[in-house]
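Structure below is my_file-v7.cif: mmCIF, N, CA and C atoms.
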```cif
data_input
loop_
_atom_site.label_atom_id
_atom_site.label_comp_id
_atom_site.auth_asym_id
_atom_site.auth_seq_id
_atom_site.Cartn_x
_atom_site.Cartn_y
_atom_site.Cartn_z
N ARG M 1 -27.79 -83.87 264.82
CA ARG M 1 -27.09 -84.75 263.91
C ARG M 1 -26.50 -85.89 264.73
N ALA M 2 -26.58 -87.07 264.19
CA ALA M 2 -26.02 -88.25 264.84
C ALA M 2 -24.84 -88.75 264.01
N SER M 3 -23.87 -89.34 264.70
CA SER M 3 -22.74 -89.94 263.98
C SER M 3 -22.39 -91.27 264.61
N ALA M 4 -21.82 -92.16 263.80
CA ALA M 4 -21.41 -93.49 264.26
C ALA M 4 -20.13 -93.88 263.53
N ALA M 5 -19.54 -94.96 263.96
CA ALA M 5 -18.32 -95.49 263.33
C ALA M 5 -17.24 -94.43 263.26
N ALA M 6 -16.96 -93.83 264.42
CA ALA M 6 -15.91 -92.81 264.53
C ALA M 6 -16.12 -91.67 263.54
N GLY M 7 -17.38 -91.28 263.31
CA GLY M 7 -17.69 -90.14 262.46
C GLY M 7 -17.79 -90.47 260.98
N GLN M 8 -17.63 -91.75 260.61
CA GLN M 8 -17.71 -92.12 259.20
C GLN M 8 -19.15 -92.12 258.70
N LEU M 9 -20.09 -92.39 259.58
CA LEU M 9 -21.51 -92.36 259.22
C LEU M 9 -22.16 -91.19 259.94
N ARG M 10 -22.81 -90.33 259.18
CA ARG M 10 -23.46 -89.16 259.78
C ARG M 10 -24.86 -89.00 259.21
N SER M 11 -25.76 -88.62 260.10
CA SER M 11 -27.13 -88.33 259.66
C SER M 11 -27.21 -86.89 259.17
N PRO M 12 -28.27 -86.57 258.45
CA PRO M 12 -28.44 -85.16 258.06
C PRO M 12 -28.78 -84.32 259.31
N PHE M 13 -28.58 -83.01 259.20
CA PHE M 13 -28.92 -82.11 260.29
C PHE M 13 -30.44 -82.05 260.47
N VAL M 14 -30.87 -81.95 261.69
CA VAL M 14 -32.29 -81.82 262.01
C VAL M 14 -32.46 -80.58 262.87
N THR M 15 -33.41 -79.73 262.51
CA THR M 15 -33.69 -78.54 263.31
C THR M 15 -34.75 -78.87 264.35
N VAL M 16 -34.46 -78.51 265.59
CA VAL M 16 -35.39 -78.76 266.68
C VAL M 16 -35.84 -77.42 267.24
N SER M 17 -37.16 -77.22 267.30
CA SER M 17 -37.71 -75.99 267.87
C SER M 17 -38.40 -76.31 269.18
N VAL M 18 -38.36 -75.38 270.11
CA VAL M 18 -38.92 -75.58 271.43
C VAL M 18 -40.05 -74.58 271.66
N ALA M 19 -41.16 -75.07 272.21
CA ALA M 19 -42.28 -74.19 272.58
C ALA M 19 -42.08 -73.75 274.02
N PRO M 20 -41.97 -72.46 274.28
CA PRO M 20 -41.83 -72.00 275.65
C PRO M 20 -43.08 -72.32 276.47
N ARG M 21 -42.91 -72.44 277.77
CA ARG M 21 -44.05 -72.67 278.66
C ARG M 21 -44.60 -71.30 279.06
N LEU M 22 -45.89 -71.12 278.88
CA LEU M 22 -46.55 -69.84 279.14
C LEU M 22 -47.75 -70.08 280.04
N THR M 23 -47.72 -69.51 281.24
CA THR M 23 -48.83 -69.69 282.18
C THR M 23 -49.56 -68.36 282.36
N VAL M 24 -50.83 -68.44 282.78
CA VAL M 24 -51.65 -67.24 282.96
C VAL M 24 -52.53 -67.41 284.19
N ALA M 25 -52.81 -66.30 284.85
CA ALA M 25 -53.75 -66.27 285.98
C ALA M 25 -54.42 -64.90 285.99
N ALA M 26 -55.66 -64.86 286.49
CA ALA M 26 -56.41 -63.59 286.59
C ALA M 26 -56.94 -63.46 288.00
N ARG M 27 -56.83 -62.25 288.57
CA ARG M 27 -57.34 -61.97 289.92
C ARG M 27 -57.97 -60.60 289.92
N PRO M 28 -59.15 -60.40 290.39
CA PRO M 28 -60.14 -61.42 290.73
C PRO M 28 -60.79 -61.98 289.47
N THR M 29 -61.48 -63.11 289.61
CA THR M 29 -62.13 -63.71 288.44
C THR M 29 -63.59 -63.30 288.32
N THR M 30 -64.17 -62.74 289.38
CA THR M 30 -65.51 -62.17 289.33
C THR M 30 -65.42 -60.75 289.85
N VAL M 31 -65.87 -59.80 289.04
CA VAL M 31 -65.69 -58.39 289.38
C VAL M 31 -66.79 -57.57 288.70
N LYS M 32 -67.08 -56.40 289.24
CA LYS M 32 -68.06 -55.51 288.62
C LYS M 32 -67.50 -54.96 287.31
N VAL M 33 -68.39 -54.72 286.36
CA VAL M 33 -68.01 -54.18 285.05
C VAL M 33 -67.24 -52.87 285.24
N GLY M 34 -66.14 -52.72 284.52
CA GLY M 34 -65.33 -51.51 284.58
C GLY M 34 -64.21 -51.56 285.60
N ARG M 35 -64.26 -52.50 286.51
CA ARG M 35 -63.18 -52.64 287.49
C ARG M 35 -61.98 -53.31 286.84
N THR M 36 -60.82 -53.13 287.45
CA THR M 36 -59.58 -53.66 286.89
C THR M 36 -59.31 -55.08 287.38
N VAL M 37 -58.92 -55.90 286.43
CA VAL M 37 -58.50 -57.28 286.71
C VAL M 37 -57.01 -57.36 286.41
N SER M 38 -56.26 -58.00 287.30
CA SER M 38 -54.83 -58.20 287.09
C SER M 38 -54.63 -59.55 286.41
N VAL M 39 -54.11 -59.52 285.20
CA VAL M 39 -53.82 -60.74 284.45
C VAL M 39 -52.31 -60.90 284.42
N THR M 40 -51.82 -61.96 285.05
CA THR M 40 -50.38 -62.17 285.15
C THR M 40 -49.96 -63.39 284.34
N GLY M 41 -48.76 -63.33 283.82
CA GLY M 41 -48.22 -64.44 283.06
C GLY M 41 -46.77 -64.68 283.43
N ARG M 42 -46.32 -65.89 283.18
CA ARG M 42 -44.92 -66.25 283.42
C ARG M 42 -44.46 -67.09 282.24
N ILE M 43 -43.23 -66.79 281.79
CA ILE M 43 -42.65 -67.46 280.63
C ILE M 43 -41.41 -68.22 281.07
N ALA M 44 -41.25 -69.44 280.57
CA ALA M 44 -40.04 -70.21 280.82
C ALA M 44 -39.67 -70.94 279.52
N PRO M 45 -38.44 -70.93 279.12
CA PRO M 45 -37.32 -70.21 279.72
C PRO M 45 -37.48 -68.70 279.55
N ILE M 46 -36.84 -67.98 280.42
CA ILE M 46 -37.03 -66.53 280.55
C ILE M 46 -36.59 -65.75 279.31
N ASP M 47 -35.49 -66.14 278.72
CA ASP M 47 -34.86 -65.31 277.68
C ASP M 47 -35.31 -65.59 276.24
N VAL M 48 -36.41 -66.31 276.03
CA VAL M 48 -36.81 -66.65 274.66
C VAL M 48 -37.76 -65.65 274.02
N VAL M 49 -38.34 -64.75 274.81
CA VAL M 49 -39.37 -63.88 274.26
C VAL M 49 -39.16 -62.44 274.72
N GLN M 50 -39.58 -61.50 273.86
CA GLN M 50 -39.46 -60.08 274.19
C GLN M 50 -40.79 -59.49 274.66
N ARG M 51 -41.91 -59.87 273.98
CA ARG M 51 -43.22 -59.31 274.30
C ARG M 51 -44.28 -60.41 274.31
N VAL M 52 -45.36 -60.12 275.05
CA VAL M 52 -46.48 -61.05 275.16
C VAL M 52 -47.76 -60.27 274.88
N ARG M 53 -48.73 -60.92 274.24
CA ARG M 53 -50.02 -60.30 273.94
C ARG M 53 -51.10 -60.86 274.86
N LEU M 54 -51.97 -59.97 275.33
CA LEU M 54 -53.19 -60.38 276.03
C LEU M 54 -54.30 -60.40 274.98
N GLN M 55 -55.06 -61.50 274.93
CA GLN M 55 -56.14 -61.62 273.97
C GLN M 55 -57.45 -61.98 274.68
N ARG M 56 -58.56 -61.50 274.09
CA ARG M 56 -59.91 -61.81 274.59
C ARG M 56 -60.70 -62.45 273.46
N TYR M 57 -61.45 -63.49 273.80
CA TYR M 57 -62.24 -64.18 272.78
C TYR M 57 -63.53 -63.42 272.50
N ASP M 58 -63.76 -63.12 271.22
CA ASP M 58 -64.99 -62.45 270.78
C ASP M 58 -65.93 -63.54 270.28
N ALA M 59 -66.97 -63.85 271.06
CA ALA M 59 -67.89 -64.94 270.73
C ALA M 59 -68.70 -64.65 269.47
N LYS M 60 -69.01 -63.38 269.20
CA LYS M 60 -69.79 -63.04 268.01
C LYS M 60 -69.00 -63.31 266.73
N ARG M 61 -67.74 -62.89 266.72
CA ARG M 61 -66.90 -63.07 265.54
C ARG M 61 -66.14 -64.40 265.55
N LYS M 62 -66.15 -65.08 266.70
CA LYS M 62 -65.48 -66.37 266.88
C LYS M 62 -63.99 -66.28 266.58
N GLU M 63 -63.36 -65.25 267.18
CA GLU M 63 -61.91 -65.11 267.04
C GLU M 63 -61.34 -64.38 268.25
N TRP M 64 -60.03 -64.49 268.40
CA TRP M 64 -59.33 -63.85 269.52
C TRP M 64 -58.88 -62.45 269.10
N ASP M 65 -59.19 -61.45 269.94
CA ASP M 65 -58.81 -60.06 269.69
C ASP M 65 -57.67 -59.66 270.61
N ARG M 66 -56.72 -58.90 270.07
CA ARG M 66 -55.63 -58.38 270.89
C ARG M 66 -56.16 -57.26 271.77
N GLN M 67 -55.87 -57.34 273.06
CA GLN M 67 -56.26 -56.32 274.01
C GLN M 67 -55.08 -55.42 274.35
N SER M 68 -53.90 -56.02 274.49
CA SER M 68 -52.72 -55.26 274.89
C SER M 68 -51.47 -56.09 274.60
N THR M 69 -50.33 -55.40 274.48
CA THR M 69 -49.03 -56.06 274.33
C THR M 69 -48.08 -55.44 275.34
N LYS M 70 -47.32 -56.29 276.03
CA LYS M 70 -46.37 -55.79 277.04
C LYS M 70 -45.04 -56.53 276.93
N PRO M 71 -43.95 -55.84 277.30
CA PRO M 71 -42.65 -56.52 277.35
C PRO M 71 -42.58 -57.44 278.57
N VAL M 72 -41.74 -58.44 278.47
CA VAL M 72 -41.54 -59.39 279.56
C VAL M 72 -40.41 -58.88 280.45
N SER M 73 -40.59 -58.99 281.76
CA SER M 73 -39.55 -58.55 282.70
C SER M 73 -38.37 -59.52 282.67
N GLN M 74 -37.28 -59.15 283.31
CA GLN M 74 -36.10 -60.00 283.36
C GLN M 74 -36.34 -61.28 284.15
N SER M 75 -37.39 -61.30 284.97
CA SER M 75 -37.72 -62.51 285.74
C SER M 75 -38.65 -63.44 284.95
N GLY M 76 -39.09 -63.01 283.77
CA GLY M 76 -39.98 -63.82 282.95
C GLY M 76 -41.45 -63.58 283.23
N ALA M 77 -41.75 -62.52 283.97
CA ALA M 77 -43.14 -62.22 284.33
C ALA M 77 -43.68 -61.07 283.48
N VAL M 78 -45.00 -61.06 283.32
CA VAL M 78 -45.68 -59.97 282.64
C VAL M 78 -47.02 -59.75 283.35
N VAL M 79 -47.39 -58.47 283.54
CA VAL M 79 -48.64 -58.14 284.23
C VAL M 79 -49.45 -57.18 283.37
N PHE M 80 -50.70 -57.55 283.14
CA PHE M 80 -51.63 -56.70 282.40
C PHE M 80 -52.71 -56.22 283.34
N ARG M 81 -53.20 -55.01 283.14
CA ARG M 81 -54.37 -54.49 283.85
C ARG M 81 -55.48 -54.41 282.80
N TRP M 82 -56.55 -55.17 283.03
CA TRP M 82 -57.63 -55.27 282.05
C TRP M 82 -58.94 -54.89 282.70
N ARG M 83 -59.74 -54.05 282.04
CA ARG M 83 -61.04 -53.62 282.57
C ARG M 83 -62.10 -54.65 282.22
N ALA M 84 -62.81 -55.10 283.25
CA ALA M 84 -63.83 -56.14 283.08
C ALA M 84 -64.98 -55.65 282.21
N GLU M 85 -65.44 -56.53 281.37
CA GLU M 85 -66.59 -56.26 280.51
C GLU M 85 -67.77 -57.08 281.01
N LYS M 86 -68.98 -56.70 280.61
CA LYS M 86 -70.18 -57.38 281.06
C LYS M 86 -70.22 -58.82 280.55
N GLY M 87 -70.56 -59.73 281.45
CA GLY M 87 -70.68 -61.14 281.08
C GLY M 87 -69.38 -61.90 281.26
N ARG M 88 -69.33 -63.02 280.58
CA ARG M 88 -68.19 -63.93 280.68
C ARG M 88 -67.15 -63.59 279.62
N SER M 89 -65.90 -63.37 280.04
CA SER M 89 -64.81 -63.07 279.11
C SER M 89 -63.74 -64.15 279.23
N LEU M 90 -63.30 -64.66 278.10
CA LEU M 90 -62.20 -65.61 278.06
C LEU M 90 -60.94 -64.84 277.67
N LEU M 91 -59.89 -64.99 278.48
CA LEU M 91 -58.63 -64.30 278.23
C LEU M 91 -57.51 -65.33 278.10
N ARG M 92 -56.50 -65.00 277.32
CA ARG M 92 -55.32 -65.85 277.20
C ARG M 92 -54.12 -64.97 276.84
N LEU M 93 -52.93 -65.54 276.95
CA LEU M 93 -51.71 -64.88 276.54
C LEU M 93 -51.17 -65.59 275.31
N ARG M 94 -50.53 -64.82 274.43
CA ARG M 94 -50.00 -65.38 273.19
C ARG M 94 -48.63 -64.80 272.90
N ILE M 95 -47.75 -65.65 272.40
CA ILE M 95 -46.43 -65.22 271.95
C ILE M 95 -46.39 -65.40 270.44
N ARG M 96 -46.07 -64.32 269.73
CA ARG M 96 -45.97 -64.37 268.26
C ARG M 96 -44.55 -64.72 267.85
N ARG M 97 -44.42 -65.23 266.64
CA ARG M 97 -43.10 -65.59 266.12
C ARG M 97 -42.16 -64.39 266.07
N ALA M 98 -42.67 -63.22 265.72
CA ALA M 98 -41.82 -62.02 265.61
C ALA M 98 -41.21 -61.63 266.95
N ASP M 99 -41.82 -62.04 268.06
CA ASP M 99 -41.31 -61.69 269.38
C ASP M 99 -40.41 -62.76 269.99
N LEU M 100 -40.20 -63.86 269.28
CA LEU M 100 -39.42 -64.99 269.79
C LEU M 100 -37.99 -64.98 269.27
N ARG M 101 -37.12 -65.53 270.05
CA ARG M 101 -35.75 -65.75 269.60
C ARG M 101 -35.73 -67.02 268.75
N SER M 102 -34.71 -67.16 267.90
CA SER M 102 -34.64 -68.33 267.02
C SER M 102 -34.56 -69.61 267.85
N GLY M 103 -35.14 -70.68 267.30
CA GLY M 103 -35.16 -71.96 268.00
C GLY M 103 -36.42 -72.17 268.81
N SER M 104 -37.31 -71.17 268.84
CA SER M 104 -38.55 -71.29 269.59
C SER M 104 -39.74 -71.15 268.64
N VAL M 105 -40.87 -71.68 269.05
CA VAL M 105 -42.07 -71.61 268.23
C VAL M 105 -43.15 -70.84 268.98
N PRO M 106 -44.09 -70.20 268.26
CA PRO M 106 -45.17 -69.46 268.91
C PRO M 106 -46.01 -70.38 269.79
N THR M 107 -46.58 -69.81 270.83
CA THR M 107 -47.41 -70.59 271.75
C THR M 107 -48.47 -69.72 272.39
N VAL M 108 -49.49 -70.35 272.94
CA VAL M 108 -50.53 -69.64 273.69
C VAL M 108 -50.69 -70.32 275.05
N SER M 109 -51.18 -69.55 276.01
CA SER M 109 -51.45 -70.09 277.33
C SER M 109 -52.83 -70.75 277.33
N ARG M 110 -53.17 -71.39 278.41
CA ARG M 110 -54.55 -71.84 278.58
C ARG M 110 -55.39 -70.59 278.73
N GLN M 111 -56.69 -70.72 278.71
CA GLN M 111 -57.55 -69.54 278.86
C GLN M 111 -58.07 -69.46 280.29
N VAL M 112 -58.31 -68.23 280.74
CA VAL M 112 -58.94 -67.99 282.05
C VAL M 112 -60.25 -67.25 281.82
N THR M 113 -61.18 -67.47 282.73
CA THR M 113 -62.50 -66.84 282.62
C THR M 113 -62.63 -65.72 283.64
N VAL M 114 -63.12 -64.56 283.20
CA VAL M 114 -63.42 -63.44 284.09
C VAL M 114 -64.88 -63.11 283.89
N ASN M 115 -65.64 -63.06 285.01
CA ASN M 115 -67.06 -62.75 284.97
C ASN M 115 -67.28 -61.30 285.37
N GLY M 116 -67.86 -60.52 284.47
CA GLY M 116 -68.18 -59.11 284.73
C GLY M 116 -69.62 -58.97 285.18
N LEU M 117 -69.80 -58.52 286.41
CA LEU M 117 -71.14 -58.34 286.97
C LEU M 117 -71.62 -56.91 286.77
N ALA M 118 -72.92 -56.75 286.51
CA ALA M 118 -73.49 -55.42 286.36
C ALA M 118 -73.36 -54.66 287.67
N PRO M 119 -73.01 -53.38 287.64
CA PRO M 119 -72.89 -52.60 288.88
C PRO M 119 -74.24 -52.44 289.56
N ASP M 120 -74.22 -52.37 290.90
CA ASP M 120 -75.44 -52.14 291.66
C ASP M 120 -75.95 -50.72 291.43
N ARG M 121 -77.24 -50.58 291.42
CA ARG M 121 -77.81 -49.23 291.20
C ARG M 121 -78.39 -48.70 292.47
#
```
Represent the structure of the file as structure tokens.
Amino acid sequence: RASAAAGQLRSPFVTVSVAPRLTVAARPTTVKVGRTVSVTGRIAPIDVVQRVRLQRYDAKRKEWDRQSTKPVSQSGAVVFRWRAEKGRSLLRLRIRRADLRSGSVPTVSRQVTVNGLAPDR
């Protein structure tokens, strides 16, 4: 709200929502099928969210599927252990409105690619 003329003129109230910053990384990015990939995320500001979802893109259905949900640590970090699937997998992190504190809006991270290689025989 803005005011002028010693408070005689006032604007209406405006609600401002903030999108938290959500980053993602995966290590390793190329791995044999069935091996574990560490997918890490960081949220800022730290105290706006309770849980984060790991999602994988399903190219056949053309939609993002939930793989796992984890609580965020007090430092704003979250770590997922994900088993590599055959081929190229796109992963991202997502924050839902139900997991956010008021004044924040849902957001998603950029996507990371994990390549699942067939095991040697």
Query - Filtered DSSP result for chain M, state strand (DSSP E), as a VMD selection string - result: chain M and resid 3 to 4 9 to 10 21 to 27 30 to 32 36 to 44 51 to 58 63 to 71 77 to 83 87 to 95 107 to 108 112 to 117
Report task. Could you expand the PyMOL selection byres ((chain M and resi 28-34) around 6) into the explicit residues it covers here, written as a VMD selection string? Result -> chain M and resid 26 to 27 35 to 38 83 to 86 113 to 119
**Report entry** Residue members of the PyMOL selection byres ((chain M and resi 2) around 8) in the file shown, as a list of chain:residue names
**Finding:**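 Applied to this file, the PyMOL selection byres ((chain M and resi 2) around 8) returns M:Arg1, M:Ser3, M:Ala4, M:Gly7, M:Leu9, M:Arg10, M:Ser11, M:Pro12, M:Phe13, M:Val14.
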Report task. Can you work out the spacing between CA of Ile43 in chain M and CA of Lys62 in chain M in Å, to one decimal? Result ->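 Separating CA of Ile43 in chain M from CA of Lys62 in chain M is a distance of 26.7 Å.
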Query - atom C of Gly87 in chain M to atom N of Thr107 in chain M, straight-line distance in Å - result: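 These atoms are spaced 26.3 Å apart.
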With the cut-off set at 6.5 Å and counting all atoms listed in the file, tabulate each residue of range 1-24 of chain M with an atom at most that distance from an atom of range 98-104 of chain M, showing the nearest atom pair and its distance in Å to one decimal, ordered by chain and increasing number, as a Markdown table.
```
| residue | atom | partner | partner_atom | distance |
| --- | --- | --- | --- | --- |
| M:Val16 | C | M:Gly103 | C | 5.5 |
| M:Ser17 | CA | M:Gly103 | C | 4.1 |
| M:Val18 | N | M:Gly103 | C | 4.0 |
| M:Ala19 | N | M:Ser104 | CA | 5.3 |
| M:Pro20 | N | M:Ser104 | CA | 5.9 |
```
Could you state which residues are captured by the PyMOL selection byres ((chain M and resi 111) around 6.5) in this file, as a PDB file with N, CA and C atoms, keeping the file's coordinate frame?
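Below you can see part-v2.pdb, which holds the result:
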```pdb
ATOM      1  N   LEU M  90     -63.300 -64.660 278.100  1.00  0.00           N
ATOM      2  CA  LEU M  90     -62.200 -65.610 278.060  1.00  0.00           C
ATOM      3  C   LEU M  90     -60.940 -64.840 277.670  1.00  0.00           C
ATOM      4  N   LEU M  91     -59.890 -64.990 278.480  1.00  0.00           N
ATOM      5  CA  LEU M  91     -58.630 -64.300 278.230  1.00  0.00           C
ATOM      6  C   LEU M  91     -57.510 -65.330 278.100  1.00  0.00           C
ATOM      7  N   ARG M  92     -56.500 -65.000 277.320  1.00  0.00           N
ATOM      8  CA  ARG M  92     -55.320 -65.850 277.200  1.00  0.00           C
ATOM      9  C   ARG M  92     -54.120 -64.970 276.840  1.00  0.00           C
ATOM     10  N   LEU M  93     -52.930 -65.540 276.950  1.00  0.00           N
ATOM     11  CA  LEU M  93     -51.710 -64.880 276.540  1.00  0.00           C
ATOM     12  C   LEU M  93     -51.170 -65.590 275.310  1.00  0.00           C
ATOM     13  N   SER M 109     -51.180 -69.550 276.010  1.00  0.00           N
ATOM     14  CA  SER M 109     -51.450 -70.090 277.330  1.00  0.00           C
ATOM     15  C   SER M 109     -52.830 -70.750 277.330  1.00  0.00           C
ATOM     16  N   ARG M 110     -53.170 -71.390 278.410  1.00  0.00           N
ATOM     17  CA  ARG M 110     -54.550 -71.840 278.580  1.00  0.00           C
ATOM     18  C   ARG M 110     -55.390 -70.590 278.730  1.00  0.00           C
ATOM     19  N   VAL M 112     -58.310 -68.230 280.740  1.00  0.00           N
ATOM     20  CA  VAL M 112     -58.940 -67.990 282.050  1.00  0.00           C
ATOM     21  C   VAL M 112     -60.250 -67.250 281.820  1.00  0.00           C
ATOM     22  N   THR M 113     -61.180 -67.470 282.730  1.00  0.00           N
ATOM     23  CA  THR M 113     -62.500 -66.840 282.620  1.00  0.00           C
ATOM     24  C   THR M 113     -62.630 -65.720 283.640  1.00  0.00           C
TER      25      THR M 113
END
```
Query raised in the report: Within 6.5 Å of Arg96 in chain M, counting all atoms listed in the file, which residues qualify if same-chain residues fewer than 4 places away don't, as a PyMOL selection string?
Result: chain M and resi 51-53+100+105-107
Using N, CA and C atoms, can you write the selected residues to a file as a compact mmCIF listing (two decimals), keeping the file's coordinate frame?
```txt
# COMPACT_ATOMS: atom_id res chain seq x y z
N ARG M 51 -41.91 -59.87 273.98
CA ARG M 51 -43.22 -59.31 274.30
C ARG M 51 -44.28 -60.41 274.31
N VAL M 52 -45.36 -60.12 275.05
CA VAL M 52 -46.48 -61.05 275.16
C VAL M 52 -47.76 -60.27 274.88
N ARG M 53 -48.73 -60.92 274.24
CA ARG M 53 -50.02 -60.30 273.94
C ARG M 53 -51.10 -60.86 274.86
N LEU M 100 -40.20 -63.86 269.28
CA LEU M 100 -39.42 -64.99 269.79
C LEU M 100 -37.99 -64.98 269.27
N VAL M 105 -40.87 -71.68 269.05
CA VAL M 105 -42.07 -71.61 268.23
C VAL M 105 -43.15 -70.84 268.98
N PRO M 106 -44.09 -70.20 268.26
CA PRO M 106 -45.17 -69.46 268.91
C PRO M 106 -46.01 -70.38 269.79
N THR M 107 -46.58 -69.81 270.83
CA THR M 107 -47.41 -70.59 271.75
C THR M 107 -48.47 -69.72 272.39
```
Report task. Once DSSP has gone over the backbone, tell me which residues of chain M are in helix (DSSP H, G or I), as an NGL selection string. Result -> :M and (46-48 or 97-99)
Write out, as a PDB file, keeping the file's coordinate frame, the residues just selected, with N, CA and C atoms.
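Printed below is out-v5.pdb as written:
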```
ATOM      1  N   ILE M  46     -36.840 -67.980 280.420  1.00  0.00           N
ATOM      2  CA  ILE M  46     -37.030 -66.530 280.550  1.00  0.00           C
ATOM      3  C   ILE M  46     -36.590 -65.750 279.310  1.00  0.00           C
ATOM      4  N   ASP M  47     -35.490 -66.140 278.720  1.00  0.00           N
ATOM      5  CA  ASP M  47     -34.860 -65.310 277.680  1.00  0.00           C
ATOM      6  C   ASP M  47     -35.310 -65.590 276.240  1.00  0.00           C
ATOM      7  N   VAL M  48     -36.410 -66.310 276.030  1.00  0.00           N
ATOM      8  CA  VAL M  48     -36.810 -66.650 274.660  1.00  0.00           C
ATOM      9  C   VAL M  48     -37.760 -65.650 274.020  1.00  0.00           C
ATOM     10  N   ARG M  97     -44.420 -65.230 266.640  1.00  0.00           N
ATOM     11  CA  ARG M  97     -43.100 -65.590 266.120  1.00  0.00           C
ATOM     12  C   ARG M  97     -42.160 -64.390 266.070  1.00  0.00           C
ATOM     13  N   ALA M  98     -42.670 -63.220 265.720  1.00  0.00           N
ATOM     14  CA  ALA M  98     -41.820 -62.020 265.610  1.00  0.00           C
ATOM     15  C   ALA M  98     -41.210 -61.630 266.950  1.00  0.00           C
ATOM     16  N   ASP M  99     -41.820 -62.040 268.060  1.00  0.00           N
ATOM     17  CA  ASP M  99     -41.310 -61.690 269.380  1.00  0.00           C
ATOM     18  C   ASP M  99     -40.410 -62.760 269.990  1.00  0.00           C
TER      19      ASP M  99
END
```
Requested in this report: Can you pull out every residue within 5 Å of Ala44 in chain M, counting all atoms listed in the file, but drop anything in the same chain fewer than 2 positions away, and send it as an MDAnalysis selection string?
Outcome: chainID M and resid 20:21 42 46
**Report entry** Coordinates-based distance that separates CA of Pro45 in chain M from atom N of Gln67 in chain M (Å, one decimal)
**Finding:**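 CA of Pro45 in chain M lies 23.5 Å from atom N of Gln67 in chain M.
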For the point (-48.6, -60.8, 281.5) in file coordinates, what residues are within 8 Å, counting only N, CA and C atoms? Give the answer as a compact mmCIF listing (two decimals) with N, CA and C atoms, in the frame of the given file?
```txt
# COMPACT_ATOMS: atom_id res chain seq x y z
N THR M 23 -47.72 -69.51 281.24
CA THR M 23 -48.83 -69.69 282.18
C THR M 23 -49.56 -68.36 282.36
N VAL M 24 -50.83 -68.44 282.78
CA VAL M 24 -51.65 -67.24 282.96
C VAL M 24 -52.53 -67.41 284.19
N ALA M 25 -52.81 -66.30 284.85
CA ALA M 25 -53.75 -66.27 285.98
C ALA M 25 -54.42 -64.90 285.99
N SER M 38 -56.26 -58.00 287.30
CA SER M 38 -54.83 -58.20 287.09
C SER M 38 -54.63 -59.55 286.41
N VAL M 39 -54.11 -59.52 285.20
CA VAL M 39 -53.82 -60.74 284.45
C VAL M 39 -52.31 -60.90 284.42
N THR M 40 -51.82 -61.96 285.05
CA THR M 40 -50.38 -62.17 285.15
C THR M 40 -49.96 -63.39 284.34
N GLY M 41 -48.76 -63.33 283.82
CA GLY M 41 -48.22 -64.44 283.06
C GLY M 41 -46.77 -64.68 283.43
N ARG M 42 -46.32 -65.89 283.18
CA ARG M 42 -44.92 -66.25 283.42
C ARG M 42 -44.46 -67.09 282.24
N VAL M 52 -45.36 -60.12 275.05
CA VAL M 52 -46.48 -61.05 275.16
C VAL M 52 -47.76 -60.27 274.88
N ARG M 53 -48.73 -60.92 274.24
CA ARG M 53 -50.02 -60.30 273.94
C ARG M 53 -51.10 -60.86 274.86
N LEU M 54 -51.97 -59.97 275.33
CA LEU M 54 -53.19 -60.38 276.03
C LEU M 54 -54.30 -60.40 274.98
N LYS M 70 -47.32 -56.29 276.03
CA LYS M 70 -46.37 -55.79 277.04
C LYS M 70 -45.04 -56.53 276.93
N PRO M 71 -43.95 -55.84 277.30
CA PRO M 71 -42.65 -56.52 277.35
C PRO M 71 -42.58 -57.44 278.57
N VAL M 72 -41.74 -58.44 278.47
CA VAL M 72 -41.54 -59.39 279.56
C VAL M 72 -40.41 -58.88 280.45
N GLY M 76 -39.09 -63.01 283.77
CA GLY M 76 -39.98 -63.82 282.95
C GLY M 76 -41.45 -63.58 283.23
N ALA M 77 -41.75 -62.52 283.97
CA ALA M 77 -43.14 -62.22 284.33
C ALA M 77 -43.68 -61.07 283.48
N VAL M 78 -45.00 -61.06 283.32
CA VAL M 78 -45.68 -59.97 282.64
C VAL M 78 -47.02 -59.75 283.35
N VAL M 79 -47.39 -58.47 283.54
CA VAL M 79 -48.64 -58.14 284.23
C VAL M 79 -49.45 -57.18 283.37
N PHE M 80 -50.70 -57.55 283.14
CA PHE M 80 -51.63 -56.70 282.40
C PHE M 80 -52.71 -56.22 283.34
N ARG M 81 -53.20 -55.01 283.14
CA ARG M 81 -54.37 -54.49 283.85
C ARG M 81 -55.48 -54.41 282.80
N LEU M 93 -52.93 -65.54 276.95
CA LEU M 93 -51.71 -64.88 276.54
C LEU M 93 -51.17 -65.59 275.31
```
Query - For Val108 in chain M, the nearest of the candidates M:Ile95, M:Ser75, M:Asp120, M:Arg56, counting all atoms listed in the file - result: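 The shortest atom-to-atom distance to Val108 in chain M comes from M:Ile95.
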